[in-house]
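Structure below is coords_38.txt: compact mmCIF, C-alpha atoms.
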```txt
# COMPACT_ATOMS: atom_id res chain seq x y z
CA MET A 864 8.80 0.85 15.23
CA SER A 865 10.54 -0.05 18.50
CA GLU A 866 7.49 -2.09 19.55
CA ILE A 867 7.58 -4.06 16.26
CA ARG A 868 11.31 -4.63 16.70
CA ARG A 869 10.82 -5.79 20.28
CA ARG A 870 8.08 -8.23 19.26
CA LEU A 871 10.14 -9.56 16.36
CA LEU A 872 13.16 -10.18 18.59
CA HIS A 873 10.87 -11.92 21.09
CA ASP A 874 9.39 -14.10 18.36
CA LEU A 875 12.83 -15.08 17.05
CA ARG A 876 13.64 -16.67 20.41
CA ASN A 877 10.75 -19.09 19.81
CA PRO A 878 11.72 -21.93 17.42
CA LEU A 879 8.15 -22.02 16.06
CA PHE A 880 8.36 -18.44 14.82
CA ARG A 881 12.07 -18.49 14.02
CA ASN A 882 11.71 -21.39 11.61
CA GLY A 883 8.33 -20.19 10.34
CA TYR A 884 9.66 -16.69 9.61
CA ALA A 885 12.74 -18.16 7.95
CA LEU A 886 10.57 -20.24 5.62
CA MET A 887 8.36 -17.23 4.87
CA ALA A 888 11.44 -15.15 4.14
CA ASN A 889 12.59 -17.93 1.85
CA THR A 890 9.26 -17.80 0.01
CA ALA A 891 9.55 -14.02 -0.36
CA ILE A 892 13.11 -14.37 -1.70
CA THR A 893 12.10 -17.19 -4.03
CA ALA A 894 9.10 -15.21 -5.31
CA THR A 895 11.15 -12.04 -5.89
CA LEU A 896 13.99 -13.83 -7.64
CA GLY A 897 11.49 -16.01 -9.49
CA MET A 898 9.73 -12.95 -10.90
CA GLY A 899 13.12 -11.56 -11.91
CA TYR A 900 14.05 -14.86 -13.53
CA TRP A 901 10.84 -15.10 -15.57
CA LEU A 902 11.00 -11.41 -16.45
CA LEU A 903 14.46 -12.00 -17.94
CA ALA A 904 13.17 -15.14 -19.67
CA ALA A 905 10.29 -13.18 -21.22
CA HIS A 906 12.80 -10.58 -22.47
CA TYR A 907 15.53 -12.87 -23.81
CA TYR A 908 13.47 -15.80 -25.12
CA SER A 909 10.54 -16.15 -27.52
CA PRO A 910 6.97 -16.49 -26.12
CA GLU A 911 6.91 -20.10 -27.34
CA GLU A 912 10.19 -20.98 -25.60
CA PHE A 913 8.99 -19.15 -22.47
CA GLY A 914 5.87 -21.31 -22.31
CA ARG A 915 7.75 -24.47 -23.29
CA GLY A 916 10.35 -23.89 -20.57
CA GLN A 917 7.68 -23.45 -17.93
CA ALA A 918 5.84 -26.56 -19.11
CA VAL A 919 8.98 -28.75 -18.99
CA ILE A 920 9.96 -27.42 -15.55
CA THR A 921 6.43 -28.09 -14.26
CA ALA A 922 6.51 -31.67 -15.57
CA MET A 923 9.95 -32.23 -14.03
CA ARG A 924 8.72 -30.96 -10.66
CA LEU A 925 5.61 -33.15 -10.90
CA PHE A 926 7.60 -36.37 -11.24
CA ALA A 927 10.34 -35.32 -8.79
CA SER A 928 7.70 -34.55 -6.17
CA LEU A 929 5.71 -37.78 -6.46
CA THR A 930 7.40 -39.17 -3.34
CA ALA A 931 9.47 -36.16 -2.26
CA LEU A 932 6.37 -34.14 -1.41
CA GLY A 933 5.01 -37.13 0.47
CA PHE A 934 8.10 -37.15 2.69
CA VAL A 935 7.74 -33.47 3.64
CA GLY A 936 5.24 -34.21 6.40
CA ALA A 937 7.03 -37.37 7.53
CA LEU A 938 10.44 -35.72 7.83
CA ALA A 939 8.99 -32.70 9.62
CA ARG A 940 7.18 -35.11 11.97
CA PHE A 941 9.94 -37.63 12.72
CA LEU A 942 13.32 -35.91 12.27
CA PRO A 943 12.98 -34.09 15.62
CA LEU A 944 12.70 -37.53 17.27
CA ALA A 945 15.04 -39.57 15.07
CA GLY A 946 18.17 -39.27 17.25
CA ARG A 947 20.89 -41.63 16.06
CA ARG A 948 18.67 -42.79 13.17
CA THR A 949 18.56 -39.30 11.62
CA PRO A 950 21.12 -39.99 8.83
CA GLU A 951 19.33 -43.21 7.90
CA LEU A 952 15.95 -41.49 7.76
CA VAL A 953 17.27 -38.68 5.55
CA LEU A 954 19.08 -41.01 3.15
CA ARG A 955 16.08 -43.29 2.82
CA GLY A 956 13.92 -40.28 2.07
CA TYR A 957 16.35 -39.08 -0.60
CA GLY A 958 16.64 -42.54 -2.15
CA LEU A 959 12.94 -43.34 -2.29
CA ALA A 960 12.04 -39.91 -3.63
CA ALA A 961 14.65 -40.10 -6.39
CA ALA A 962 13.78 -43.71 -7.32
CA THR A 963 10.04 -43.08 -7.54
CA GLY A 964 10.50 -39.88 -9.50
CA GLY A 965 12.92 -41.60 -11.87
CA VAL A 966 10.51 -44.46 -12.62
CA ALA A 967 7.66 -42.00 -13.25
CA ALA A 968 9.87 -39.87 -15.51
CA ILE A 969 10.86 -42.91 -17.57
CA GLY A 970 7.19 -43.78 -18.01
CA PHE A 971 6.51 -40.20 -19.11
CA LEU A 972 9.33 -40.25 -21.65
CA LEU A 973 8.20 -43.60 -23.07
CA THR A 974 4.68 -42.22 -23.62
CA LEU A 975 5.78 -38.76 -24.77
CA PRO A 976 3.53 -38.57 -27.87
CA MET A 977 0.48 -38.79 -25.60
CA TRP A 978 1.41 -35.57 -23.78
CA GLY A 979 1.01 -33.12 -26.66
CA ARG A 980 3.25 -31.01 -28.87
CA THR A 981 4.66 -28.89 -26.04
CA TYR A 982 6.63 -31.81 -24.61
CA SER A 983 7.97 -33.08 -27.95
CA VAL A 984 11.17 -31.13 -27.21
CA LEU A 985 12.11 -33.96 -24.80
CA GLY A 986 12.17 -36.54 -27.59
CA GLY A 987 15.53 -38.19 -28.25
CA PHE A 988 18.10 -39.86 -25.97
CA GLY A 989 20.03 -36.72 -24.95
CA PRO A 990 17.08 -34.49 -23.93
CA GLY A 991 15.36 -37.46 -22.28
CA LEU A 992 18.44 -38.36 -20.23
CA PHE A 993 18.86 -34.73 -19.13
CA PHE A 994 15.20 -34.61 -18.07
CA LEU A 995 15.56 -37.86 -16.12
CA GLY A 996 18.66 -36.59 -14.32
CA SER A 997 16.85 -33.35 -13.54
CA VAL A 998 14.02 -35.27 -11.87
CA LEU A 999 16.49 -37.11 -9.63
CA VAL A 1000 18.26 -33.86 -8.71
CA TRP A 1001 15.06 -31.98 -7.94
CA ALA A 1002 13.76 -34.79 -5.71
CA VAL A 1003 16.76 -34.37 -3.40
CA PHE A 1004 16.70 -30.56 -3.72
CA THR A 1005 13.06 -30.56 -2.54
CA LEU A 1006 13.83 -32.57 0.58
CA GLN A 1007 17.04 -30.88 1.72
CA ASP A 1008 15.13 -27.75 2.78
CA VAL A 1009 12.69 -29.93 4.74
CA VAL A 1010 15.60 -31.67 6.45
CA LEU A 1011 17.04 -28.32 7.56
CA THR A 1012 13.59 -27.28 8.83
CA GLY A 1013 13.00 -30.55 10.67
CA LEU A 1014 16.35 -30.13 12.42
CA ARG A 1015 15.53 -26.51 13.38
CA LYS A 1016 17.96 -25.01 10.91
CA ALA A 1017 15.43 -23.36 8.60
CA THR A 1018 17.34 -20.07 8.90
CA TRP A 1019 19.84 -21.52 6.37
CA VAL A 1020 17.13 -22.17 3.77
CA PRO A 1021 16.74 -18.54 2.54
CA LEU A 1022 20.51 -18.18 2.06
CA ASN A 1023 20.67 -21.37 0.02
CA ASN A 1024 17.82 -20.28 -2.26
CA LEU A 1025 19.12 -16.71 -2.56
CA ILE A 1026 22.42 -17.96 -3.99
CA PHE A 1027 20.62 -20.54 -6.13
CA GLY A 1028 18.25 -17.90 -7.55
CA LEU A 1029 21.00 -15.43 -8.43
CA VAL A 1030 23.15 -18.06 -10.16
CA LYS A 1031 20.10 -19.31 -12.05
CA MET A 1032 19.30 -15.79 -13.34
CA GLY A 1033 22.88 -15.22 -14.47
CA LEU A 1034 23.01 -18.51 -16.34
CA LEU A 1035 19.63 -17.78 -17.96
CA VAL A 1036 21.01 -14.61 -19.57
CA ALA A 1037 24.32 -16.25 -20.49
CA LEU A 1038 22.56 -19.07 -22.37
CA ALA A 1039 20.09 -16.84 -24.25
CA GLY A 1040 22.35 -16.52 -27.29
CA ALA A 1041 24.06 -19.90 -27.19
CA LEU A 1042 20.95 -21.97 -26.39
CA PRO A 1043 17.78 -20.12 -27.49
CA GLU A 1044 15.83 -23.41 -27.34
CA GLY A 1045 16.30 -25.24 -24.07
CA GLY A 1046 18.23 -22.47 -22.31
CA ILE A 1047 15.47 -21.90 -19.74
CA PHE A 1048 15.36 -25.51 -18.54
CA THR A 1049 19.15 -25.82 -18.59
CA SER A 1050 19.65 -22.62 -16.59
CA TRP A 1051 17.13 -23.90 -14.03
CA MET A 1052 18.72 -27.31 -13.49
CA VAL A 1053 22.49 -26.77 -13.60
CA PRO A 1054 22.55 -24.49 -10.48
CA THR A 1055 20.16 -26.92 -8.76
CA ALA A 1056 22.59 -29.81 -9.23
CA LEU A 1057 25.54 -27.72 -8.05
CA ALA A 1058 23.63 -26.60 -4.93
CA LEU A 1059 23.22 -30.19 -3.72
CA ILE A 1060 26.92 -30.58 -2.93
CA PRO A 1061 27.58 -27.84 -0.32
CA VAL A 1062 24.11 -28.03 1.25
CA ASN A 1063 24.22 -31.78 1.86
CA TRP A 1064 27.81 -31.58 3.07
CA PHE A 1065 26.56 -29.09 5.66
CA ILE A 1066 23.58 -31.29 6.57
CA PHE A 1067 25.54 -34.52 7.06
CA SER A 1068 28.78 -33.06 8.43
CA VAL A 1069 27.45 -30.35 10.75
CA VAL A 1070 23.68 -30.28 11.31
CA ILE A 1071 22.94 -33.98 11.77
CA PRO A 1072 25.88 -34.73 14.14
CA ARG A 1073 24.86 -31.76 16.29
CA HIS A 1074 21.22 -32.87 16.31
CA VAL A 1075 22.17 -36.43 17.29
CA LYS A 1076 24.26 -35.10 20.16
CA ASP A 1077 21.52 -32.73 21.37
CA SER A 1078 18.86 -35.46 21.27
CA GLU A 1079 20.79 -38.25 23.01
CA ASP A 1080 18.11 -38.56 25.70
CA VAL A 1081 15.35 -39.41 23.20
CA ALA A 1082 14.15 -42.70 24.63
CA ALA A 1083 12.74 -44.34 21.49
CA PRO A 1084 13.60 -42.97 18.05
CA PRO A 1085 10.85 -43.77 15.53
CA THR A 1086 11.13 -47.18 13.88
CA LEU A 1087 10.79 -47.67 10.15
CA ARG A 1088 7.45 -49.35 10.84
CA GLU A 1089 6.18 -46.23 12.63
CA VAL A 1090 7.33 -44.01 9.77
CA GLY A 1091 5.77 -46.43 7.30
CA ARG A 1092 2.42 -46.36 9.09
CA PHE A 1093 2.47 -42.57 9.04
CA LEU A 1094 3.32 -42.48 5.34
CA ALA A 1095 0.59 -45.01 4.56
CA GLY A 1096 -1.94 -42.46 5.75
CA ASP A 1097 -0.18 -39.22 4.82
CA PHE A 1098 1.15 -40.16 1.40
CA PRO A 1099 -2.17 -40.73 -0.43
CA GLY A 1100 -3.37 -37.36 0.79
CA THR A 1101 -0.13 -35.65 -0.14
CA LEU A 1102 -0.24 -37.28 -3.57
CA SER A 1103 -3.69 -35.76 -4.00
CA ILE A 1104 -2.38 -32.29 -3.16
CA LEU A 1105 0.42 -32.89 -5.65
CA ALA A 1106 -2.26 -33.19 -8.32
CA ILE A 1107 -3.41 -29.65 -7.53
CA VAL A 1108 0.04 -28.06 -7.56
CA TYR A 1109 1.71 -29.81 -10.50
CA LEU A 1110 -0.70 -32.08 -12.39
CA VAL A 1111 -3.20 -29.30 -13.08
CA PRO A 1112 -0.62 -27.10 -14.91
CA VAL A 1113 0.65 -30.12 -16.87
CA ALA A 1114 -2.93 -30.91 -17.90
CA VAL A 1115 -3.50 -27.27 -18.90
CA ALA A 1116 -0.32 -27.40 -21.01
CA THR A 1117 -1.85 -30.23 -23.05
CA GLN A 1118 -4.96 -28.11 -23.76
CA VAL A 1119 -3.56 -24.71 -24.73
CA GLY A 1120 -0.74 -23.33 -26.87
CA GLU A 1121 2.75 -22.71 -25.54
CA ALA A 1122 2.42 -18.91 -25.44
CA THR A 1123 -0.96 -19.09 -23.67
CA PHE A 1124 0.43 -21.59 -21.16
CA GLY A 1125 3.33 -19.25 -20.42
CA ARG A 1126 0.90 -16.49 -19.44
CA PHE A 1127 -1.26 -18.88 -17.41
CA SER A 1128 1.77 -20.36 -15.67
CA MET A 1129 3.10 -16.99 -14.53
CA ALA A 1130 -0.14 -16.14 -12.71
CA HIS A 1131 -0.40 -19.70 -11.38
CA THR A 1132 3.19 -19.65 -10.08
CA LEU A 1133 2.68 -16.37 -8.23
CA GLY A 1134 -0.56 -17.68 -6.73
CA CYS A 1135 1.20 -20.82 -5.53
CA MET A 1136 3.93 -18.68 -3.93
CA ILE A 1137 1.32 -16.91 -1.80
CA GLU A 1138 -0.20 -20.27 -0.87
CA LEU A 1139 3.25 -21.47 0.14
CA LEU A 1140 3.34 -18.75 2.80
CA ALA A 1141 0.42 -20.50 4.50
CA MET A 1142 2.27 -23.81 4.41
CA ASN A 1143 5.54 -22.39 5.82
CA MET A 1144 4.25 -21.67 9.30
CA ALA A 1145 2.37 -24.98 9.22
CA VAL A 1146 5.57 -26.98 8.56
CA SER A 1147 7.25 -25.24 11.49
CA LEU A 1148 4.19 -26.07 13.60
CA THR A 1149 4.54 -29.78 12.74
CA VAL A 1150 8.18 -29.72 13.86
CA GLU A 1151 7.44 -27.96 17.15
CA GLY A 1152 4.42 -30.16 17.79
CA SER A 1153 6.68 -33.18 17.50
CA PHE A 1154 9.24 -31.71 19.91
CA ASP A 1155 6.66 -30.74 22.53
CA ARG A 1156 3.05 -31.99 22.38
CA SER A 1157 2.13 -30.09 25.54
CA GLN A 1158 2.32 -26.79 23.61
CA LEU A 1159 0.46 -27.90 20.49
CA ALA A 1160 -2.76 -25.94 21.11
CA GLU A 1161 -0.88 -22.79 22.08
CA ASN A 1162 1.47 -23.11 19.11
CA CYS A 1163 -1.51 -23.59 16.78
CA ARG A 1164 -3.06 -20.36 18.06
CA ARG A 1165 0.22 -18.49 17.69
CA ALA A 1166 0.86 -19.86 14.20
CA LEU A 1167 -2.66 -18.97 13.07
CA ARG A 1168 -2.39 -15.39 14.33
CA ARG A 1169 1.03 -14.80 12.78
CA ALA A 1170 0.08 -16.44 9.50
CA PHE A 1171 -2.98 -14.23 9.06
CA MET A 1172 -1.06 -11.15 10.19
CA ILE A 1173 1.56 -11.69 7.47
CA ILE A 1174 -0.54 -13.19 4.68
CA THR A 1175 -3.61 -10.92 4.76
CA PRO A 1176 -1.74 -7.77 3.58
CA VAL A 1177 -0.03 -9.83 0.85
CA ILE A 1178 -3.40 -11.06 -0.38
CA ALA A 1179 -4.88 -7.55 -0.30
CA VAL A 1180 -2.01 -6.13 -2.35
CA THR A 1181 -2.26 -9.00 -4.83
CA VAL A 1182 -6.03 -8.67 -5.31
CA LEU A 1183 -5.83 -4.90 -5.80
CA GLY A 1184 -2.67 -4.86 -7.89
CA ALA A 1185 -2.82 -8.12 -9.89
CA PRO A 1186 -2.84 -6.40 -13.32
CA LEU A 1187 0.08 -4.14 -12.36
CA ILE A 1188 2.06 -7.08 -10.94
CA LEU A 1189 1.63 -9.08 -14.15
CA MET A 1190 2.09 -6.04 -16.40
CA ILE A 1191 5.86 -6.17 -15.85
CA PHE A 1192 5.87 -9.33 -17.99
CA GLY A 1193 3.74 -7.73 -20.71
CA SER A 1194 0.19 -6.54 -21.33
CA GLU A 1195 -0.93 -10.02 -22.45
CA PHE A 1196 0.09 -11.44 -19.05
CA ALA A 1197 -2.03 -8.83 -17.25
CA THR A 1198 -5.03 -9.32 -19.53
CA GLU A 1199 -5.07 -13.12 -19.36
CA GLY A 1200 -3.73 -13.73 -15.85
CA ALA A 1201 -5.12 -11.06 -13.48
CA THR A 1202 -8.37 -12.88 -12.69
CA LEU A 1203 -6.59 -16.18 -12.05
CA LEU A 1204 -4.04 -14.53 -9.75
CA ARG A 1205 -6.77 -12.77 -7.76
CA LEU A 1206 -8.79 -15.96 -7.30
CA MET A 1207 -5.74 -17.96 -6.20
CA ALA A 1208 -4.75 -15.22 -3.74
CA LEU A 1209 -8.21 -15.19 -2.17
CA ALA A 1210 -8.11 -18.99 -1.88
CA VAL A 1211 -5.11 -18.69 0.47
CA LEU A 1212 -7.27 -17.28 3.27
CA PRO A 1213 -9.18 -20.54 3.85
CA ARG A 1214 -5.99 -22.46 3.05
CA VAL A 1215 -4.35 -21.04 6.19
CA LEU A 1216 -7.02 -22.72 8.34
CA ILE A 1217 -6.66 -25.98 6.43
CA GLU A 1218 -2.86 -26.06 6.73
CA ILE A 1219 -2.84 -25.34 10.48
CA TYR A 1220 -5.35 -28.14 10.98
CA LEU A 1221 -3.33 -30.56 8.83
CA SER A 1222 -0.15 -29.76 10.74
CA SER A 1223 -1.86 -30.47 14.05
CA LEU A 1224 -2.91 -33.85 12.65
CA ARG A 1225 0.67 -34.59 11.53
CA ALA A 1226 2.06 -33.65 14.93
CA ARG A 1227 -0.35 -36.16 16.49
CA SER A 1228 0.25 -38.79 13.74
CA GLU A 1229 -3.44 -38.89 12.81
CA ALA A 1230 -2.68 -40.13 9.32
CA ARG A 1231 -6.19 -41.34 8.45
CA ALA A 1232 -7.73 -37.92 9.05
CA LEU A 1233 -4.83 -36.35 7.12
CA ALA A 1234 -5.56 -38.49 4.09
CA LEU A 1235 -9.30 -37.85 4.28
CA VAL A 1236 -8.96 -34.05 4.30
CA GLN A 1237 -6.27 -33.89 1.62
CA ILE A 1238 -7.91 -36.38 -0.74
CA GLY A 1239 -11.25 -34.66 -0.32
CA LEU A 1240 -9.73 -31.26 -1.10
CA ALA A 1241 -7.89 -32.55 -4.16
CA ALA A 1242 -10.99 -34.32 -5.50
CA LEU A 1243 -13.05 -31.15 -5.10
CA VAL A 1244 -10.43 -29.03 -6.87
CA LEU A 1245 -9.93 -31.42 -9.79
CA VAL A 1246 -13.65 -31.98 -10.37
CA SER A 1247 -14.39 -28.25 -10.10
CA ILE A 1248 -11.69 -27.38 -12.63
CA ALA A 1249 -12.80 -30.10 -15.04
CA VAL A 1250 -16.42 -28.89 -14.91
CA LEU A 1251 -15.57 -25.20 -15.23
CA PHE A 1252 -12.75 -25.36 -17.79
CA PRO A 1253 -15.00 -25.45 -20.89
CA PHE A 1254 -16.73 -22.25 -19.68
CA ALA A 1255 -13.99 -20.30 -17.85
CA GLY A 1256 -10.81 -21.50 -19.57
CA VAL A 1257 -7.65 -21.23 -17.47
CA ASN A 1258 -9.53 -19.14 -14.87
CA ALA A 1259 -11.33 -22.37 -13.95
CA VAL A 1260 -8.21 -23.26 -11.95
CA GLY A 1261 -8.74 -20.21 -9.71
CA TYR A 1262 -12.49 -20.67 -9.34
CA GLY A 1263 -12.04 -24.36 -8.55
CA MET A 1264 -9.41 -23.71 -5.88
CA LEU A 1265 -11.35 -20.89 -4.19
CA PHE A 1266 -14.61 -22.86 -4.06
CA SER A 1267 -12.96 -26.08 -2.87
CA GLU A 1268 -10.81 -24.52 -0.17
CA LEU A 1269 -13.69 -22.44 1.20
CA LEU A 1270 -15.82 -25.59 1.44
CA VAL A 1271 -13.12 -27.71 3.11
CA ALA A 1272 -12.25 -24.90 5.55
CA ALA A 1273 -15.92 -24.71 6.54
CA LEU A 1274 -16.10 -28.47 7.03
CA ILE A 1275 -13.00 -28.71 9.26
CA PHE A 1276 -13.59 -25.46 11.18
CA GLY A 1277 -15.31 -27.13 14.14
CA LYS A 1278 -12.48 -29.65 14.56
CA LEU A 1279 -9.88 -26.90 14.23
CA ARG A 1280 -11.58 -24.98 17.06
CA LYS A 1281 -11.23 -28.06 19.28
CA VAL A 1282 -7.52 -28.26 18.43
CA LEU A 1283 -7.03 -24.59 19.28
CA THR A 1284 -8.74 -24.92 22.66
CA TYR A 1285 -7.66 -28.44 23.68
CA ASP A 1286 -5.53 -28.51 26.83
CA GLU A 1287 -2.63 -30.97 26.38
CA THR A 1288 -0.67 -29.93 29.43
CA GLU A 1289 -0.79 -33.49 30.72
CA GLN A 1290 1.09 -34.73 27.64
CA PRO A 1291 4.82 -35.24 28.24
CA ARG A 1292 7.44 -33.60 26.09
CA VAL A 1293 8.67 -36.09 23.53
CA ALA A 1294 12.16 -34.79 22.92
CA GLN A 1295 13.23 -32.45 25.60
CA GLY A 1296 16.88 -32.86 24.78
CA SER A 1297 16.40 -31.37 21.33
CA HIS A 1298 14.51 -28.40 22.63
CA GLY A 1299 17.64 -26.44 23.19
CA ALA A 1300 18.90 -26.80 19.66
CA SER A 1301 19.28 -23.51 17.96
```

Hey, can you dump this file as structure tokens for me?
Amino acid sequence: MSEIRRRLLHDLRNPLFRNGYALMANTAITATLGMGYWLLAAHYYSPEEFGRGQAVITAMRLFASLTALGFVGALARFLPLAGRRTPELVLRGYGLAAATGGVAAIGFLLTLPMWGRTYSVLGGFGPGLFFLGSVLVWAVFTLQDVVLTGLRKATWVPLNNLIFGLVKMGLLVALAGALPEGGIFTSWMVPTALALIPVNWFIFSVVIPRHVKDSEDVAAPPTLREVGRFLAGDFPGTLSILAIVYLVPVAVATQVGEATFGRFSMAHTLGCMIELLAMNMAVSLTVEGSFDRSQLAENCRRALRRAFMIITPVIAVTVLGAPLILMIFGSEFATEGATLLRLMALAVLPRVLIEIYLSSLRARSEARALALVQIGLAALVLVSIAVLFPFAGVNAVGYGMLFSELLVAALIFGKLRKVLTYDETEQPRVAQGSHGAS
């Protein structure tokens, strides 16, 4: 125990691990509170409202993330170097993400009859306006955690989401009697909107001024043209990954009933939480690779070892205990969702390799290769699911993801080995002044 404690304390002195562990802790907190939230929702709301609430939240996150998710890599890559342009970069990210999401949401609302019976609840001016506002709020909410991570303040992210999760659960129960239809979506969004105020006050009043001061010796903060070139390569690939995370569930919601979608969505959400663990260390790797290119290969090796050390036991427990995990929501959840959860958990193993490789590409601004890998992975997943869905039903999502990620991991493995062994000691540190930021 003392050896584990000593190693943990040693790791926490390294920004790569400190931020990576903070993001992983955030995922664990989010997953735990998320299970509690949906367990309460299954108890207090009807199966139809449970599925409908998940479907509407998934659609909202799809449109909010159209550009927000695309800025995740860019902010992690350029915020460490932004210097005096940090506030401008953050505000532009917020504005573009919200504007793009808002336009997409309006298009969705105008074509609502095409999206099936599940989404008919959004018909009318009031529900539509609330959905549109929710998209704008979630776009900013998505990016504020990335901003904290890019500025080496990821340790604040778990606290923010802990408070958010607890308030959300309390409001869910409070609205069960007063708002039996729509209470799930409302309880999800009201705490989200309230959370934007203190978090962004902290970002713009404390974190950014300190970062600007610590990085005064950055010789050339990235120009908008540099950021634009990066996004031109990274965004198409990120948009493709968005299709896997959010578009697939929305498409499934148009093919199955509300109660069935609720059971599918619970297994899918838990599977995505495990996959997010793989991405957490990778985001931290992008940040540290931007601060100091000379340590990229070593940081990749460290991130890969720690990611597998943490994620492998989680996957093992999930594969062995999937029915018991889902049983807490009801026997139907365990019967219909265990196979999907197991397949998605197994798919995380190759995903770790893919995410470490993608982060090394972001740190080196190799946007073309980024787009190629991400678009290829998304195309494989979507085609696989479409082919298998008539035969395997919702489990086609798990089979498609496992097959596609195994294939892509095999294809990039040789290049990843070169990244892990490449000696970049001749590369200068890009932002030495920021390296001391805590």

Subject >> Spatial neighbours of Leu1209 of chain A, 7 Å, all atoms listed in the file, chain gap at least 3 places, as a ChimeraX atom specification >> reply: /A:1178,1205-1206,1212,1265

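Non-sequential neighbours of Ile1217 of chain A (distance at most 9 Å, separation of 6 or more positions within a chain, only C-alpha atoms) are A:Val1236, A:Glu1268, A:Val1271, A:Ala1272, A:Ile1275, A:Phe1276, A:Leu1279.
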
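Take atom CA of Leu1034 of chain A and atom CA of Trp901 of chain A: the distance between them is 12.7 Å.
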
**OP:** Rank A:Gly1200, A:Gly1184, A:Pro1213, A:Gly1033 by their smallest atom-to-atom distance to Leu1274 of chain A, using all atoms listed in the file, and report the top residue only.
**Re:** A:Pro1213

Original post:
Between A:Val1053, A:Ala937, A:Leu1006, A:Ala888, which has the minimum distance to Gly958 of chain A (counting all atoms listed in the file)?
Top reply: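 Closest residue, counting all atoms listed in the file: A:Leu1006.
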